[in-house]
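File shown: data-v5.cif. Contents: mmCIF, C-alpha atoms.
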```cif
data_data
#
loop_
_atom_site.label_atom_id
_atom_site.label_comp_id
_atom_site.auth_asym_id
_atom_site.auth_seq_id
_atom_site.Cartn_x
_atom_site.Cartn_y
_atom_site.Cartn_z
CA MET S 1 93.10 -61.15 -104.29
CA VAL S 2 94.57 -60.54 -100.86
CA THR S 3 93.30 -63.07 -98.34
CA LEU S 4 92.40 -62.43 -94.71
CA GLY S 5 95.24 -64.79 -93.81
CA GLU S 6 97.74 -62.70 -95.78
CA LEU S 7 96.44 -59.56 -94.06
CA GLY S 8 97.25 -61.21 -90.74
CA MET S 9 93.65 -61.15 -89.53
CA VAL S 10 93.29 -64.92 -89.00
CA ARG S 11 94.69 -65.96 -85.62
CA GLY S 12 93.53 -69.55 -85.76
CA VAL S 13 91.10 -72.09 -87.19
CA GLU S 14 90.11 -75.14 -85.16
CA CYS S 15 87.84 -78.01 -86.16
CA ASP S 16 86.16 -80.43 -83.81
CA ALA S 17 85.35 -84.09 -84.47
CA ALA S 18 81.67 -83.31 -85.05
CA GLY S 19 82.40 -81.02 -88.01
CA GLY S 20 82.15 -77.72 -86.13
CA VAL S 21 84.74 -75.03 -86.69
CA VAL S 22 85.97 -72.06 -84.68
CA VAL S 23 87.77 -69.19 -86.44
CA ARG S 24 89.71 -66.62 -84.45
CA LEU S 25 89.71 -63.26 -86.27
CA ALA S 26 91.68 -60.14 -85.30
CA PRO S 27 89.93 -56.89 -86.28
CA THR S 28 92.03 -54.10 -87.75
CA TYR S 29 90.55 -50.72 -86.78
CA ALA S 30 87.80 -50.45 -84.15
CA GLY S 31 85.83 -48.20 -86.50
CA CYS S 32 86.38 -50.21 -89.68
CA PRO S 33 82.94 -50.53 -91.32
CA ALA S 34 83.93 -53.81 -92.98
CA LEU S 35 84.58 -55.77 -89.76
CA ALA S 36 81.10 -57.24 -89.43
CA GLU S 37 80.94 -58.00 -93.16
CA ILE S 38 84.23 -59.87 -92.98
CA ARG S 39 83.00 -61.89 -90.03
CA ALA S 40 79.76 -62.78 -91.78
CA ASP S 41 81.59 -63.67 -95.01
CA VAL S 42 83.92 -66.03 -93.16
CA ALA S 43 81.00 -67.75 -91.46
CA ALA S 44 79.04 -67.99 -94.73
CA ALA S 45 82.03 -69.41 -96.63
CA LEU S 46 82.57 -72.10 -94.01
CA ARG S 47 78.88 -73.00 -93.94
CA ALA S 48 78.85 -73.22 -97.73
CA ALA S 49 81.81 -75.61 -97.49
CA GLY S 50 79.75 -77.88 -95.25
CA PHE S 51 81.01 -76.98 -91.80
CA ALA S 52 78.47 -76.61 -89.00
CA PRO S 53 78.22 -75.12 -86.54
CA VAL S 54 80.51 -72.21 -87.33
CA ARG S 55 81.73 -69.81 -84.68
CA VAL S 56 83.79 -66.65 -85.25
CA VAL S 57 85.73 -65.44 -82.22
CA THR S 58 86.99 -61.85 -82.22
CA VAL S 59 90.53 -61.39 -80.88
CA TRP S 60 91.43 -57.80 -79.93
CA SER S 61 94.58 -58.68 -78.03
CA PRO S 62 97.36 -58.74 -79.01
CA PRO S 63 96.11 -56.01 -81.36
CA TRP S 64 96.45 -56.26 -85.12
CA THR S 65 99.14 -54.07 -86.61
CA THR S 66 100.43 -53.85 -90.17
CA GLU S 67 103.37 -56.03 -89.06
CA TRP S 68 100.94 -58.98 -89.26
CA ILE S 69 100.65 -58.59 -93.07
CA SER S 70 102.66 -61.32 -94.81
CA ALA S 71 105.19 -60.84 -97.61
CA ALA S 72 102.69 -62.29 -100.07
CA GLY S 73 100.03 -59.92 -98.77
CA ARG S 74 102.32 -56.94 -99.28
CA ARG S 75 103.15 -58.04 -102.82
CA LYS S 76 99.48 -58.45 -103.68
CA LEU S 77 98.59 -55.06 -102.23
CA ALA S 78 101.22 -53.45 -104.45
CA ASP S 79 99.89 -55.39 -107.46
CA ALA S 80 96.45 -53.94 -106.69
CA GLY S 81 97.85 -50.38 -106.72
CA ILE S 82 98.07 -49.95 -102.94
CA ALA S 83 101.57 -49.26 -101.64
CA PRO S 84 102.17 -51.66 -98.74
CA PRO S 85 103.15 -50.37 -95.28
CA GLY S 86 106.77 -50.01 -94.27
CA PRO S 87 108.17 -51.60 -91.12
CA VAL S 88 106.83 -50.24 -87.83
CA PRO S 89 109.29 -50.19 -84.94
CA ALA S 90 108.13 -52.29 -82.00
CA ARG S 91 106.90 -50.18 -79.12
CA GLY S 92 107.87 -50.91 -75.57
CA GLY S 93 105.48 -50.36 -72.69
CA GLY S 94 106.20 -46.62 -72.43
CA PRO S 95 104.34 -43.65 -73.86
CA VAL S 96 104.19 -43.21 -77.62
CA PRO S 97 106.63 -40.37 -78.41
CA LEU S 98 105.40 -37.44 -80.48
CA VAL S 99 107.90 -37.13 -83.33
CA LEU S 100 107.50 -33.97 -85.37
CA GLY S 101 109.15 -33.17 -88.68
CA ALA S 102 110.26 -36.76 -89.28
CA ARG S 103 110.95 -37.46 -92.92
CA ARG S 104 108.52 -40.03 -94.22
CA PRO S 105 110.35 -43.12 -95.45
CA ALA S 106 110.27 -43.31 -99.24
CA VAL S 107 107.27 -45.22 -100.54
CA ALA S 108 107.69 -46.84 -103.94
CA CYS S 109 104.99 -46.05 -106.49
CA PRO S 110 102.93 -49.24 -106.93
CA ARG S 111 102.38 -48.40 -110.62
CA CYS S 112 105.83 -47.52 -111.95
CA GLY S 113 108.08 -48.46 -109.04
CA GLY S 114 109.48 -44.92 -108.91
CA ARG S 115 110.68 -43.68 -105.52
CA GLU S 116 110.15 -39.99 -106.25
CA THR S 117 106.89 -39.93 -104.36
CA GLU S 118 105.28 -37.57 -101.86
CA GLU S 119 102.54 -37.67 -99.28
CA VAL S 120 99.46 -35.64 -100.22
CA SER S 121 97.39 -36.37 -97.13
CA ARG S 122 98.02 -38.43 -94.01
CA CYS S 123 94.48 -39.79 -94.22
CA GLY S 124 93.17 -41.27 -97.45
CA ALA S 125 89.81 -42.53 -98.59
CA SER S 126 89.71 -45.26 -95.94
CA LEU S 127 90.69 -45.40 -92.31
CA CYS S 128 93.81 -47.40 -93.02
CA THR S 129 95.30 -45.50 -95.96
CA ALA S 130 97.17 -42.29 -96.69
CA LEU S 131 97.07 -40.52 -100.06
CA TRP S 132 100.37 -40.32 -101.98
CA ARG S 133 101.45 -39.11 -105.41
CA CYS S 134 104.21 -40.25 -107.76
CA ARG S 135 106.29 -37.49 -109.31
CA ALA S 136 107.55 -39.79 -112.08
CA CYS S 137 104.28 -41.16 -113.48
CA ARG S 138 102.17 -38.36 -111.98
CA GLU S 139 99.59 -40.81 -110.65
CA PRO S 140 98.07 -40.61 -107.18
CA PHE S 141 98.00 -43.83 -105.17
CA GLU S 142 96.90 -45.12 -101.79
CA HIS S 143 99.42 -46.20 -99.19
CA LEU S 144 98.39 -48.57 -96.40
CA ARG S 145 99.93 -46.67 -93.52
CA GLY S 146 102.01 -48.58 -91.02
CA VAL S 147 100.46 -48.80 -87.58
CA MET E 1 73.74 -77.00 -81.82
CA ASN E 2 72.90 -74.34 -84.38
CA ASP E 3 74.82 -71.18 -85.19
CA GLU E 4 72.52 -69.06 -83.03
CA ALA E 5 73.51 -71.07 -79.99
CA TRP E 6 77.15 -70.40 -80.84
CA GLY E 7 76.53 -66.69 -80.75
CA VAL E 8 76.22 -66.05 -84.49
CA PRO E 9 72.86 -64.23 -84.61
CA GLU E 10 73.56 -62.54 -87.92
CA ALA E 11 70.74 -63.78 -90.09
CA GLU E 12 71.56 -63.43 -93.76
CA GLY E 13 68.05 -62.12 -94.39
CA GLY E 14 68.61 -59.14 -92.12
CA ARG E 15 71.44 -57.78 -94.25
CA TRP E 16 70.05 -55.69 -97.06
CA ALA E 17 73.24 -53.70 -97.75
CA PHE E 18 76.92 -53.61 -96.87
CA GLY E 19 77.41 -53.27 -93.13
CA THR E 20 73.74 -53.64 -92.19
CA GLY E 21 72.16 -56.10 -89.79
CA PHE E 22 75.00 -56.21 -87.26
CA ALA E 23 73.97 -55.26 -83.78
CA ASP E 24 76.80 -56.13 -81.41
CA PRO E 25 80.16 -54.32 -81.70
CA LEU E 26 81.66 -56.85 -79.25
CA HIS E 27 80.38 -59.82 -81.24
CA GLY E 28 82.62 -62.86 -80.78
CA VAL E 29 84.58 -61.33 -77.90
CA ASP E 30 84.88 -63.13 -74.57
CA VAL E 31 82.97 -60.67 -72.37
CA ALA E 32 83.24 -62.47 -69.03
CA VAL E 33 84.06 -60.02 -66.22
CA PRO E 34 87.08 -61.17 -64.17
CA ALA E 35 86.59 -61.61 -60.43
CA GLY E 36 87.46 -58.50 -58.45
CA VAL E 37 86.51 -56.03 -61.19
CA ASP E 38 84.05 -53.38 -59.96
CA GLY E 39 81.44 -53.31 -62.71
CA ALA E 40 80.01 -49.93 -61.75
CA GLU E 41 83.41 -48.22 -61.80
CA LEU E 42 84.38 -49.96 -65.05
CA ALA E 43 81.13 -48.78 -66.65
CA ARG E 44 81.70 -45.23 -65.41
CA VAL E 45 85.12 -45.07 -67.07
CA CYS E 46 83.86 -46.67 -70.30
CA VAL E 47 80.95 -44.21 -70.56
CA ALA E 48 83.12 -41.14 -69.92
CA LEU E 49 85.68 -42.17 -72.55
CA ALA E 50 82.92 -43.16 -74.98
CA ASP E 51 81.17 -39.81 -74.47
CA ASP E 52 84.39 -37.91 -75.27
CA ALA E 53 84.72 -40.02 -78.42
CA LEU E 54 81.10 -39.78 -79.58
CA VAL E 55 80.81 -36.04 -79.03
CA GLY E 56 84.26 -35.45 -80.54
CA ALA E 57 83.34 -37.58 -83.57
CA GLN E 58 80.14 -35.59 -84.08
CA ARG E 59 82.06 -32.29 -84.09
CA LEU E 60 84.57 -33.69 -86.58
CA ALA E 61 81.75 -35.00 -88.79
CA GLU E 62 80.41 -31.46 -89.00
CA TRP E 63 83.40 -30.68 -91.24
CA VAL E 64 82.10 -32.97 -93.97
CA THR E 65 81.26 -30.73 -96.98
CA ARG E 66 82.78 -27.75 -95.14
CA ALA E 67 86.54 -28.42 -95.03
CA PRO E 68 88.97 -26.30 -97.07
CA GLU E 69 90.09 -29.33 -99.12
CA ILE E 70 88.57 -32.74 -99.71
CA GLU E 71 91.70 -34.40 -98.28
CA ILE E 72 91.20 -32.52 -95.01
CA GLU E 73 87.54 -33.44 -94.96
CA LEU E 74 88.45 -37.12 -95.36
CA ALA E 75 91.11 -36.88 -92.69
CA LEU E 76 88.80 -35.28 -90.11
CA ALA E 77 85.99 -37.70 -90.93
CA ASN E 78 88.36 -40.65 -90.57
CA VAL E 79 89.62 -39.45 -87.20
CA GLY E 80 85.97 -39.18 -86.18
CA LEU E 81 85.31 -42.70 -87.47
CA ASP E 82 88.14 -44.06 -85.33
CA LEU E 83 86.61 -42.35 -82.29
CA LEU E 84 83.14 -43.60 -83.15
CA GLY E 85 84.51 -47.15 -83.32
CA GLN E 86 86.01 -46.74 -79.85
CA ALA E 87 82.76 -45.27 -78.51
CA ARG E 88 80.70 -48.21 -79.80
CA LEU E 89 82.93 -50.76 -78.10
CA LEU E 90 83.06 -48.80 -74.84
CA TYR E 91 79.28 -48.20 -74.63
CA THR E 92 78.66 -51.87 -75.34
CA ARG E 93 81.06 -52.87 -72.58
CA ALA E 94 79.46 -50.39 -70.16
CA GLY E 95 76.00 -51.86 -70.78
CA GLN E 96 77.34 -55.36 -70.09
CA VAL E 97 78.89 -54.53 -66.74
CA ASP E 98 76.61 -51.87 -65.21
CA GLY E 99 73.72 -54.30 -64.79
CA SER E 100 71.44 -52.32 -67.11
CA GLY E 101 71.84 -54.44 -70.23
CA ARG E 102 71.68 -51.27 -72.34
CA GLY E 103 73.10 -51.35 -75.85
CA GLU E 104 75.22 -48.71 -77.57
CA ASP E 105 72.22 -46.87 -79.04
CA ALA E 106 70.62 -46.45 -75.61
CA PHE E 107 73.77 -44.71 -74.37
CA ALA E 108 74.22 -42.59 -77.48
CA PHE E 109 70.64 -41.55 -78.22
CA THR E 110 68.44 -41.76 -75.13
CA ARG E 111 70.40 -39.90 -72.47
CA SER E 112 69.98 -36.19 -71.80
CA ALA E 113 72.91 -33.80 -71.56
CA PRO E 114 73.32 -34.00 -67.73
CA GLU E 115 73.76 -37.77 -68.09
CA PHE E 116 76.73 -37.29 -70.42
CA ARG E 117 80.22 -37.35 -68.90
CA CYS E 118 82.32 -35.87 -71.71
CA LEU E 119 84.90 -33.13 -71.19
CA ARG E 120 83.39 -29.75 -72.03
CA LEU E 121 86.17 -28.93 -74.49
CA ALA E 122 84.90 -31.81 -76.67
CA GLU E 123 81.40 -30.33 -76.94
CA LEU E 124 82.28 -26.73 -77.87
CA PRO E 125 81.09 -25.76 -81.36
CA ARG E 126 83.19 -26.70 -84.36
CA GLY E 127 84.98 -23.36 -84.65
CA ASP E 128 87.40 -22.68 -87.49
CA PHE E 129 90.08 -25.07 -88.72
CA ALA E 130 92.71 -23.74 -86.29
CA PHE E 131 90.38 -24.33 -83.34
CA THR E 132 89.53 -27.81 -84.63
CA VAL E 133 93.13 -28.99 -84.93
CA LEU E 134 94.21 -27.36 -81.66
CA ARG E 135 91.30 -28.96 -79.80
CA LEU E 136 92.13 -32.30 -81.44
CA LEU E 137 95.74 -31.97 -80.28
CA VAL E 138 94.66 -31.21 -76.70
CA LEU E 139 92.07 -33.97 -76.49
CA SER E 140 94.19 -36.62 -78.19
CA SER E 141 97.26 -35.89 -76.01
CA ALA E 142 95.11 -36.42 -72.92
CA ARG E 143 93.18 -39.41 -74.31
CA LEU E 144 96.41 -41.11 -75.39
CA ALA E 145 97.84 -40.77 -71.87
CA VAL E 146 94.71 -42.37 -70.38
CA LEU E 147 94.49 -45.18 -72.97
CA GLU E 148 98.20 -46.03 -72.60
CA ARG E 149 97.58 -46.73 -68.92
CA LEU E 150 94.22 -48.46 -69.34
CA ALA E 151 95.89 -50.92 -71.74
CA GLY E 152 96.92 -52.63 -68.50
CA ALA E 153 93.42 -52.58 -66.98
CA ALA E 154 92.15 -55.67 -65.16
CA ASP E 155 89.14 -55.91 -67.49
CA PRO E 156 90.41 -57.61 -70.66
CA VAL E 157 87.81 -55.94 -72.90
CA LEU E 158 88.65 -52.40 -71.78
CA ALA E 159 92.37 -53.28 -71.90
CA ALA E 160 92.06 -54.50 -75.49
CA VAL E 161 90.05 -51.48 -76.64
CA ALA E 162 92.59 -49.18 -74.98
CA GLU E 163 95.56 -51.03 -76.46
CA ARG E 164 94.17 -50.82 -79.98
CA GLY E 165 93.02 -47.23 -79.34
CA VAL E 166 96.57 -46.14 -78.52
CA ALA E 167 97.72 -46.69 -82.11
CA GLU E 168 94.72 -44.77 -83.46
CA VAL E 169 94.87 -41.82 -81.07
CA ALA E 170 98.66 -41.48 -81.48
CA TYR E 171 97.94 -40.92 -85.17
CA HIS E 172 95.26 -38.33 -84.38
CA ARG E 173 97.71 -36.51 -82.15
CA LEU E 174 100.37 -36.49 -84.86
CA PHE E 175 97.91 -35.28 -87.50
CA ALA E 176 96.73 -32.46 -85.22
CA ALA E 177 100.25 -31.54 -84.06
CA GLU E 178 101.54 -31.25 -87.62
CA TRP E 179 98.68 -28.92 -88.53
CA VAL E 180 99.20 -26.78 -85.42
CA VAL E 181 102.87 -26.43 -86.41
CA ARG E 182 101.93 -25.64 -90.01
CA LEU E 183 99.47 -22.94 -88.95
CA GLY E 184 101.82 -21.46 -86.36
CA ASP E 185 104.68 -21.48 -88.83
CA GLY E 186 102.56 -20.36 -91.79
CA THR E 187 101.14 -17.01 -92.82
CA ALA E 188 100.23 -14.02 -90.66
CA GLU E 189 96.59 -15.05 -91.02
CA SER E 190 97.16 -18.69 -90.01
CA ARG E 191 99.21 -17.55 -86.99
CA ARG E 192 96.48 -15.11 -85.98
CA ARG E 193 93.86 -17.87 -86.20
CA LEU E 194 96.01 -20.27 -84.17
CA ARG E 195 96.64 -17.66 -81.45
CA ARG E 196 92.91 -16.99 -81.27
CA ALA E 197 92.29 -20.74 -80.96
CA VAL E 198 94.73 -20.90 -78.03
CA VAL E 199 92.69 -18.20 -76.27
CA GLU E 200 89.47 -20.09 -77.03
CA VAL E 201 90.61 -23.45 -75.63
CA GLU E 202 92.42 -22.05 -72.60
CA PRO E 203 89.44 -21.81 -70.19
CA TRP E 204 88.69 -25.50 -70.70
CA LEU E 205 92.18 -26.94 -70.27
CA GLY E 206 92.11 -27.46 -66.49
CA GLU E 207 89.38 -30.04 -66.72
CA VAL E 208 91.41 -31.87 -69.38
CA VAL E 209 94.85 -32.00 -67.76
CA ASP E 210 93.59 -32.74 -64.24
CA ASP E 211 91.04 -35.29 -65.44
CA ARG E 212 90.79 -38.19 -63.01
CA VAL E 213 88.64 -40.36 -65.24
CA GLY E 214 90.77 -43.49 -64.91
CA ALA E 215 91.81 -42.96 -61.27
CA GLY E 216 89.64 -45.82 -60.02
CA LEU E 217 91.27 -48.18 -62.54
CA GLY E 218 94.86 -47.30 -61.76
CA VAL E 219 95.61 -44.25 -63.94
CA ALA E 220 98.01 -42.31 -61.72
CA ALA E 221 97.15 -38.76 -60.67
CA GLY E 222 99.26 -36.36 -62.68
CA ALA E 223 99.80 -38.75 -65.59
CA VAL E 224 97.61 -36.77 -67.98
CA ARG E 225 99.08 -33.41 -66.92
CA ALA E 226 102.63 -34.67 -67.42
CA ALA E 227 101.83 -36.09 -70.86
CA CYS E 228 100.07 -32.90 -71.98
CA ALA E 229 102.92 -30.73 -70.67
CA ARG E 230 105.43 -32.75 -72.69
CA ASP E 231 103.40 -32.82 -75.91
CA TRP E 232 102.28 -29.18 -75.84
CA ARG E 233 105.77 -27.88 -75.09
CA ARG E 234 107.13 -29.86 -78.03
CA VAL E 235 104.41 -28.64 -80.43
CA GLY E 236 104.51 -25.07 -79.09
CA GLU E 237 108.25 -24.83 -79.75
CA GLU E 238 107.80 -25.90 -83.36
CA ALA E 239 104.70 -23.78 -83.93
CA GLY E 240 106.13 -20.68 -82.27
CA VAL E 241 102.99 -20.35 -80.18
CA ARG E 242 102.86 -21.03 -76.46
CA LEU E 243 100.23 -23.54 -75.40
CA PRO E 244 99.73 -22.68 -71.73
CA LEU E 245 99.55 -25.41 -69.12
CA PRO E 246 96.75 -24.36 -66.76
CA ALA E 247 96.99 -23.92 -63.01
CA PRO E 248 95.69 -26.90 -61.00
CA TRP E 249 91.99 -27.19 -61.63
CA ASP E 250 89.76 -26.10 -58.77
CA ARG E 251 87.51 -29.11 -59.32
CA ALA E 252 84.34 -27.13 -59.77
CA PRO E 253 81.91 -29.68 -61.23
CA GLY E 254 82.54 -30.06 -64.96
CA GLY E 255 81.71 -32.41 -67.79
CA ARG E 256 82.74 -35.50 -65.82
CA ALA E 257 80.07 -34.59 -63.24
CA GLY E 258 77.41 -33.96 -65.87
CA VAL E 259 77.75 -30.16 -65.85
CA HIS E 260 77.94 -29.02 -69.46
CA THR E 261 77.88 -25.98 -71.69
CA GLU E 262 74.74 -24.90 -73.51
CA HIS E 263 76.19 -26.42 -76.68
CA LEU E 264 75.83 -30.09 -75.68
CA PRO E 265 71.99 -30.29 -75.70
CA VAL E 266 71.97 -28.81 -79.22
CA LEU E 267 74.54 -31.36 -80.42
CA LEU E 268 72.61 -34.23 -78.82
CA ALA E 269 69.32 -33.05 -80.33
CA GLU E 270 70.78 -33.36 -83.81
CA LEU E 271 72.71 -36.55 -83.06
CA GLY E 272 69.59 -38.36 -81.79
CA SER E 273 67.01 -37.00 -84.20
CA VAL E 274 66.73 -40.12 -86.36
CA ALA E 275 66.67 -42.43 -83.32
CA ARG E 276 63.85 -40.38 -81.76
CA GLU E 277 61.83 -40.34 -84.95
CA HIS E 278 62.22 -44.10 -85.50
CA PRO E 279 62.57 -45.65 -82.04
CA GLY E 280 64.36 -48.99 -82.09
CA ALA E 281 65.11 -48.76 -85.81
CA ALA E 282 67.97 -50.94 -87.01
CA TRP E 283 69.76 -51.17 -90.32
#
```

Show the structure stored in the file as structure tokens.
Amino acid sequence: MVTLGELGMVRGVECDAAGGVVVRLAPTYAGCPALAEIRADVAAALRAAGFAPVRVVTVWSPPWTTEWISAAGRRKLADAGIAPPGPVPARGGGPVPLVLGARRPAVACPRCGGRETEEVSRCGASLCTALWRCRACREPFEHLRGV
Amino acid sequence: MNDEAWGVPEAEGGRWAFGTGFADPLHGVDVAVPAGVDGAELARVCVALADDALVGAQRLAEWVTRAPEIEIELALANVGLDLLGQARLLYTRAGQVDGSGRGEDAFAFTRSAPEFRCLRLAELPRGDFAFTVLRLLVLSSARLAVLERLAGAADPVLAAVAERGVAEVAYHRLFAAEWVVRLGDGTAESRRRLRRAVVEVEPWLGEVVDDRVGAGLGVAAGAVRAACARDWRRVGEEAGVRLPLPAPWDRAPGGRAGVHTEHLPVLLAELGSVAREHPGAAW
């Protein structure tokens, strides 16, 4: 299981002397339908563990990117059949350049490890994934695209 | 102090299925308005950008079950979902700072067409696939230029939404640009469709490139035009099709002034049908 911490979504957890706890969570995509569920799950888990009151603070800035995913998180994603994102170059303050015809960096197949893979679609079944295919084992797989 | 007092109103009992029972897209965000920020102007910008996103998302959603391949259908729906996410945050922010206390649904479902501030290009009917990807390229080039600059806005909520939106819209632009190149560089039929799409979008480009939506919040005049010129030249060279940069717009009232095409009321009628039938419904 990949944890929210490994995904880089937890920006901080603070307890006070009275047993209250504040969790700072960074959302991934603005349109991600799981955001509210994640928030409620975190609050429910803390309440079940005896903390009260529980407060979840949403942190949009600095924004979450795939660079926040830890090494352990990447390993677990691959174990679950989702190819982890590659490195994303840091962007300065300027405009985002439009780069056409760039070769996609090779993505290793999370099933067989083969590197003879190809992108089928830039957008996969969820907001955060692209659809890829392995030419060696012939299996399709999801790739968490780097943003 | 209970959880409610801490701003955690999400009663477990209200959630009957995944994703239900959550009312506030800005839940848990510090929504204080910094001193010196003009709430009316901030709301105006948020509503205009949210309207572009909501109307654009609705047109993209119309492709579901109609796209040439399921992968394309997913891609267009996901681009629309990104835009819908941005719209929800922006409407919510607008209702907090314009003094009305309106929520996202009030903005989305209870306004009539003349109250919408979207660009008219966003509201034109779905068209064919070439029109869809060309329109997406045009609108995302312009939106990206605006969001890049609003990432430095004085309002921290708008700045954060814009900053996160940049990464999303840059991806939309790349997706659209690659398809425009593929169609322009494809078969005789795909080239013919793309050329027709260029003719179809052309009358609406002035309003897009000379858009002054963020002018009151520091988006420099000419920034959108310069960004579009750069992007369209680059894509046009690869696609072998010229994407014309329009003459300076004469500023006849357009979508930003509430003047729309006959297509917007039809879109809004469908978009708001459930909300009208079940006023105040939540799920």

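When the PyMOL selection byres ((chain E and resi 207) around 9) is evaluated on the file shown here, the picked residues come out as Leu119, Arg120, Leu121, Pro203, Trp204, Leu205, Gly206, Val208, Val209, Asp210, Asp211, Trp249, Asp250, Arg251, Gly254, Gly255 and Arg256 of chain E.
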
- Within 8 Å of chain E: residues of chain S, using only C-alpha atoms, as a ChimeraX atom specification: /S:29-34,36-37,40,52-64,95-96,98-101,121-127,147

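Here CA of Val47 in chain E and CA of Phe116 in chain E stand 8.1 Å from one another.
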
- Give as a VMD selection string the residues that the PyMOL selection byres ((chain S and resi 8-11) around 12) matches when applied to the coordinates above. chain S and resid 2 to 7 12 to 14 22 to 29 35 38 to 39 42 56 to 74

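These residues, each with an atom at most 8 Å from (109.5, -47.4, -91.9) using all atoms listed in the file, are Pro85, Gly86, Pro87, Val88, Pro89, Arg104, Pro105 and Gly146 of chain S.
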
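If you apply the PyMOL selection byres ((chain S and resi 80-84) around 8) to this structure, you end up with Arg74, Arg75, Lys76, Leu77, Ala78, Asp79, Pro85, Gly86, Val107, Ala108, Cys109, Pro110, Arg111, Phe141, Glu142, His143, Leu144 and Arg145 of chain S.
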
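The coordinates place CA of Leu147 in chain E at 19.7 Å from CA of Pro34 in chain E.
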
Is there a way to complete range 69-74 of chain E with all heavy atoms and then write that out as a CSV table (one decimal), in the frame of the given file?
```
chain,number,residue,atom,x,y,z
E,69,GLU,N,89.7,-28.4,-98.0
E,69,GLU,CA,90.1,-29.3,-99.1
E,69,GLU,C,89.5,-30.7,-98.8
E,69,GLU,O,89.3,-31.1,-97.7
E,69,GLU,CB,91.6,-29.5,-99.1
E,69,GLU,CG,92.4,-28.3,-99.5
E,69,GLU,CD,93.9,-28.6,-99.5
E,69,GLU,OE1,94.3,-29.6,-98.9
E,69,GLU,OE2,94.6,-27.8,-100.1
E,70,ILE,N,89.2,-31.4,-99.9
E,70,ILE,CA,88.6,-32.7,-99.7
E,70,ILE,C,89.5,-33.7,-98.9
E,70,ILE,O,89.0,-34.5,-98.1
E,70,ILE,CB,88.1,-33.4,-101.1
E,70,ILE,CG1,87.1,-34.5,-100.8
E,70,ILE,CG2,89.3,-33.8,-101.9
E,70,ILE,CD1,86.4,-35.0,-102.0
E,71,GLU,N,90.8,-33.5,-99.1
E,71,GLU,CA,91.7,-34.4,-98.3
E,71,GLU,C,91.5,-34.1,-96.8
E,71,GLU,O,91.6,-35.1,-96.0
E,71,GLU,CB,93.2,-34.2,-98.7
E,71,GLU,CG,93.5,-34.7,-100.1
E,71,GLU,CD,93.1,-33.8,-101.2
E,71,GLU,OE1,92.7,-32.7,-100.9
E,71,GLU,OE2,93.3,-34.2,-102.4
E,72,ILE,N,91.4,-32.9,-96.4
E,72,ILE,CA,91.2,-32.5,-95.0
E,72,ILE,C,89.9,-33.1,-94.5
E,72,ILE,O,89.7,-33.6,-93.4
E,72,ILE,CB,91.2,-31.0,-94.8
E,72,ILE,CG1,92.6,-30.4,-95.3
E,72,ILE,CG2,90.9,-30.6,-93.4
E,72,ILE,CD1,93.7,-31.0,-94.4
E,73,GLU,N,88.9,-32.9,-95.3
E,73,GLU,CA,87.5,-33.4,-95.0
E,73,GLU,C,87.6,-34.9,-94.7
E,73,GLU,O,87.1,-35.4,-93.7
E,73,GLU,CB,86.6,-33.2,-96.1
E,73,GLU,CG,85.2,-33.5,-95.9
E,73,GLU,CD,84.3,-32.9,-97.0
E,73,GLU,OE1,84.4,-31.7,-97.3
E,73,GLU,OE2,83.5,-33.7,-97.5
E,74,LEU,N,88.3,-35.7,-95.6
E,74,LEU,CA,88.4,-37.1,-95.4
E,74,LEU,C,89.2,-37.4,-94.1
E,74,LEU,O,88.9,-38.3,-93.3
E,74,LEU,CB,89.2,-37.7,-96.5
E,74,LEU,CG,88.4,-38.0,-97.8
E,74,LEU,CD1,89.3,-38.3,-98.9
E,74,LEU,CD2,87.4,-39.1,-97.6
```
